[in-house]
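Participant: Could you have a look at this structure, given as structure tokens, before my questions?
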Amino acid sequence: EERRLRLCLRMGLSIVPLPKRIKSRKHARKVTSEYHRITERLHHTTSSDERAKCAAELQAIGGVDAYQQASQFNTALHSTSRWVARRLRAHGVLAAGKPPPHVLEIGAINTQLLDTPGLHVRALDLNSQDARIEQRDFLTLPLGGALEASGASRPYDALVCSMVLNCVPDARRRFDMLVCMRGQLRVGGLCFVVLPGSCLSHSHTLTHDSFADCLRGVGLAPDLAAETPASAKLAYFECAAGLPDPAAALRFQRARHERRSGHGSQPPRRKSRGADFDVDLGGALGFGERIGRSFEALQPSRAQKEQRAARAEFLRQLKEEKLNGE
């Protein structure tokens, strides 16, 4: 550390303390929360001054390396890979005598799934920390699965997206990611999604039930009765890949519209990053299915309004006659 300080002074560089090693859950949560908060500001700002300020704040907390270390600390406590392997065995996908199932892992911050016996795993991350993890943006992958030597595409048997969807800073890109996730799987393939529980319990626009409809809408039908790890902090979804469900997508749009419309009348909630979690579902759902870009509440026609008024007046008179008769 002393040598580093002397070198910085000699070269005229700013002296930034090295980030502390992650040793507690509290510290890990603080680093990940700060990282997401700063990167979200960075994503939305167009000011060069604000971008420079965000870059300095990221450097102060240790940047991507500190974030990856904190994420690895958190996942060591909540191992998604053990749950995934257990569920693949329960479905008979991972079994002795069968070819290894092909699994795509998005946002791999460790090699736990890669090290799981019996799986053929392709792991991706935007900032890979291991030679076996491919550094790549998932949204740039061609749909249809892995490209084989013959030139044909092989859809994956399973896909794992753990604590990744909440890191995407844009609601529309979250929808794009869900559509692409379905596009990588074979029919009947399994998709495992893990989110912070606060993304659904604190969100101003989504609930656990409406997010389940969102998944159904893009063709990832969640099995809400499936076995999941007991956790008060995380939400687990095990989904089966099928055709997109436009009816579920419309239900999601309506529920989202109603929550957004009534948000101003709700009592203020405690500050939480989960409050801003949202998915902007609409347009092409995949496999030729499409719905409107956004939900539009239908305004009643003049005839419908008159009919409702007449019915209300009839019920009022009926109630009055009943009271007079008594």
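Here's how to read the names in the structure tokens: chain A, B, ... by the order shown, residue numbers from 1 in each chain, ligand numbers from 1 in the order shown.
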Mind listing the strand (DSSP E) residues of stretch 17-262 of chain A, per DSSP on the backbone, as a ChimeraX atom specification?

Facilitator: /A:102-106,120-125,134-135,146-147,153-154,156-162,185-196,220-222,234-241

Participant: What lies within 9 Å of A:Cys180 using only C-alpha atoms, ignoring chain neighbours under 2 positions off, as a list in words?

Facilitator: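 Listed by chain and then number, they are Phe138, Leu139, Leu141, Pro142, Leu143, Phe175, Asp176, Met177, Leu178, Arg182, Gly183, Gln184 and Gly286 of chain A.
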
Participant: Limited to N, CA and C atoms, could you put the picked residues into a file as a PDB file, in the first residue's frame?

Facilitator:
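Saved the output as again_0.pdb:
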```
ATOM      1  N   PHE A 138     -25.460 -10.675 -23.009  1.00  0.00           N
ATOM      2  CA  PHE A 138     -26.437 -11.711 -23.360  1.00  0.00           C
ATOM      3  C   PHE A 138     -27.349 -11.281 -24.507  1.00  0.00           C
ATOM      4  N   LEU A 139     -27.727 -10.005 -24.541  1.00  0.00           N
ATOM      5  CA  LEU A 139     -28.671  -9.533 -25.560  1.00  0.00           C
ATOM      6  C   LEU A 139     -28.085  -9.552 -26.965  1.00  0.00           C
ATOM      7  N   LEU A 141     -26.575 -12.249 -28.154  1.00  0.00           N
ATOM      8  CA  LEU A 141     -26.576 -13.640 -28.619  1.00  0.00           C
ATOM      9  C   LEU A 141     -27.669 -13.846 -29.663  1.00  0.00           C
ATOM     10  N   PRO A 142     -27.386 -14.595 -30.729  1.00  0.00           N
ATOM     11  CA  PRO A 142     -28.452 -14.937 -31.683  1.00  0.00           C
ATOM     12  C   PRO A 142     -29.452 -15.873 -31.020  1.00  0.00           C
ATOM     13  N   LEU A 143     -30.729 -15.708 -31.331  1.00  0.00           N
ATOM     14  CA  LEU A 143     -31.765 -16.555 -30.750  1.00  0.00           C
ATOM     15  C   LEU A 143     -31.667 -17.968 -31.322  1.00  0.00           C
ATOM     16  N   PHE A 175     -37.696  -6.292 -20.432  1.00  0.00           N
ATOM     17  CA  PHE A 175     -38.627  -7.041 -21.281  1.00  0.00           C
ATOM     18  C   PHE A 175     -37.867  -7.716 -22.427  1.00  0.00           C
ATOM     19  N   ASP A 176     -36.960  -6.983 -23.069  1.00  0.00           N
ATOM     20  CA  ASP A 176     -36.162  -7.572 -24.149  1.00  0.00           C
ATOM     21  C   ASP A 176     -35.381  -8.790 -23.650  1.00  0.00           C
ATOM     22  N   MET A 177     -34.845  -8.698 -22.433  1.00  0.00           N
ATOM     23  CA  MET A 177     -34.077  -9.815 -21.878  1.00  0.00           C
ATOM     24  C   MET A 177     -34.965 -11.029 -21.664  1.00  0.00           C
ATOM     25  N   LEU A 178     -36.179 -10.836 -21.154  1.00  0.00           N
ATOM     26  CA  LEU A 178     -37.092 -11.957 -20.940  1.00  0.00           C
ATOM     27  C   LEU A 178     -37.448 -12.637 -22.268  1.00  0.00           C
ATOM     28  N   ARG A 182     -36.452 -16.608 -23.369  1.00  0.00           N
ATOM     29  CA  ARG A 182     -37.336 -17.637 -23.945  1.00  0.00           C
ATOM     30  C   ARG A 182     -36.813 -18.104 -25.294  1.00  0.00           C
ATOM     31  N   GLY A 183     -36.230 -17.207 -26.087  1.00  0.00           N
ATOM     32  CA  GLY A 183     -35.736 -17.548 -27.412  1.00  0.00           C
ATOM     33  C   GLY A 183     -34.527 -18.465 -27.412  1.00  0.00           C
ATOM     34  N   GLN A 184     -33.890 -18.651 -26.247  1.00  0.00           N
ATOM     35  CA  GLN A 184     -32.724 -19.534 -26.160  1.00  0.00           C
ATOM     36  C   GLN A 184     -33.085 -20.958 -25.750  1.00  0.00           C
ATOM     37  N   GLY A 286     -42.610 -12.639 -29.190  1.00  0.00           N
ATOM     38  CA  GLY A 286     -41.855 -13.770 -29.715  1.00  0.00           C
ATOM     39  C   GLY A 286     -42.774 -14.795 -30.349  1.00  0.00           C
TER      40      GLY A 286
END
```

Participant: So how far away is atom CA of A:Phe237 from atom CA of A:Phe192, in Å?

Facilitator: 5.8 Å

Participant: So how many Å separate atom CA of A:Pro117 and atom CA of A:Arg89, to one decimal?

Facilitator: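 Separation between atom CA of A:Pro117 and atom CA of A:Arg89: 11.8 Å.
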
Participant: Considering only C-alpha atoms, state which residue in the set A:Pro169, A:Pro229, A:Gly262, A:Gly118 is at the smallest distance from A:Thr80.

Facilitator: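 Ranked by minimum distance to A:Thr80, first place goes to A:Pro229.
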
Participant: For the alpha helix (DSSP H) assignment from backbone DSSP, which residues of stretch 60-183 of chain A qualify? Please present them as a PyMOL selection string.

Facilitator: chain A and resi 60-61+63-77+80-90+171-183

Participant: What's around A:Ala158 at 6 Å? Count only C-alpha atoms, leave out sequence neighbours fewer than 2 positions away in its own chain, and write the answer as a count of residues only.

Facilitator: 5

Participant: Might you pull out every residue within 8 Å of stretch 194-203 of chain A, with only C-alpha atoms counted and same-chain residues fewer than 2 positions away left off, and present them as a list in words?

Facilitator: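 After dropping sequence-adjacent residues, the list is Cys161, Ser162, Met163, Val164, Leu165, Asn166, Phe192, Thr205, Leu206, Thr207, His208, Phe211, Ala232, Lys233, Leu234, Ala235, Tyr236, Phe237, Arg269, Ser272, Arg273, Gly274, Ala275, Asp276, Phe277 and Asp278 of chain A.
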
Participant: Can you pull out every residue within 12 Å of stretch 112-115 of chain A, counting only C-alpha atoms, but drop anything in the same chain fewer than 4 positions away, and send it as number ranges by chain?

Facilitator: A: 72, 75-76, 78-86, 102-108, 119-124, 130-134, 158-162

Participant: Could you please take those selected residues and save C-alpha atoms as a JSON list (two decimals), in the first residue's frame?

Facilitator:
```
[["chain", "number", "residue", "atom", "x", "y", "z"],
["A", 72, "GLN", "CA", -19.73, -13.67, -4.85],
["A", 75, "THR", "CA", -24.19, -16.04, -3.64],
["A", 76, "ALA", "CA", -22.02, -18.15, -1.35],
["A", 78, "HIS", "CA", -27.65, -18.38, -1.21],
["A", 79, "SER", "CA", -26.39, -20.97, -3.70],
["A", 80, "THR", "CA", -28.60, -20.89, -6.78],
["A", 81, "SER", "CA", -26.53, -23.65, -8.41],
["A", 82, "ARG", "CA", -27.51, -26.25, -5.78],
["A", 83, "TRP", "CA", -31.21, -25.40, -6.24],
["A", 84, "VAL", "CA", -30.90, -25.58, -10.04],
["A", 85, "ALA", "CA", -29.12, -28.96, -9.93],
["A", 86, "ARG", "CA", -31.71, -30.30, -7.49],
["A", 102, "HIS", "CA", -26.99, -27.91, -22.00],
["A", 103, "VAL", "CA", -27.38, -24.97, -19.62],
["A", 104, "LEU", "CA", -26.92, -21.25, -20.27],
["A", 105, "GLU", "CA", -26.05, -19.11, -17.26],
["A", 106, "ILE", "CA", -26.51, -15.34, -17.55],
["A", 107, "GLY", "CA", -24.53, -13.05, -15.28],
["A", 108, "ALA", "CA", -22.22, -15.73, -13.89],
["A", 119, "LEU", "CA", -23.91, -30.30, -16.66],
["A", 120, "HIS", "CA", -22.70, -28.79, -19.91],
["A", 121, "VAL", "CA", -22.69, -25.08, -18.95],
["A", 122, "ARG", "CA", -22.04, -21.97, -21.00],
["A", 123, "ALA", "CA", -21.57, -19.09, -18.57],
["A", 124, "LEU", "CA", -21.74, -15.40, -19.58],
["A", 130, "ASP", "CA", -12.80, -16.16, -14.59],
["A", 131, "ALA", "CA", -11.30, -17.56, -17.81],
["A", 132, "ARG", "CA", -14.16, -20.07, -18.11],
["A", 133, "ILE", "CA", -16.82, -17.35, -18.00],
["A", 134, "GLU", "CA", -17.37, -15.75, -21.40],
["A", 158, "ALA", "CA", -32.13, -24.88, -19.13],
["A", 159, "LEU", "CA", -31.29, -21.24, -18.50],
["A", 160, "VAL", "CA", -30.28, -19.59, -15.22],
["A", 161, "CYS", "CA", -30.83, -15.87, -14.59],
["A", 162, "SER", "CA", -30.01, -15.21, -10.95]]
```

Participant: For the atom pair atom CA of A:Glu238 and atom CA of A:Leu88, what is the interatomic distance in Å to one decimal place?

Facilitator: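 Interatomic distance here is 10.5 Å.
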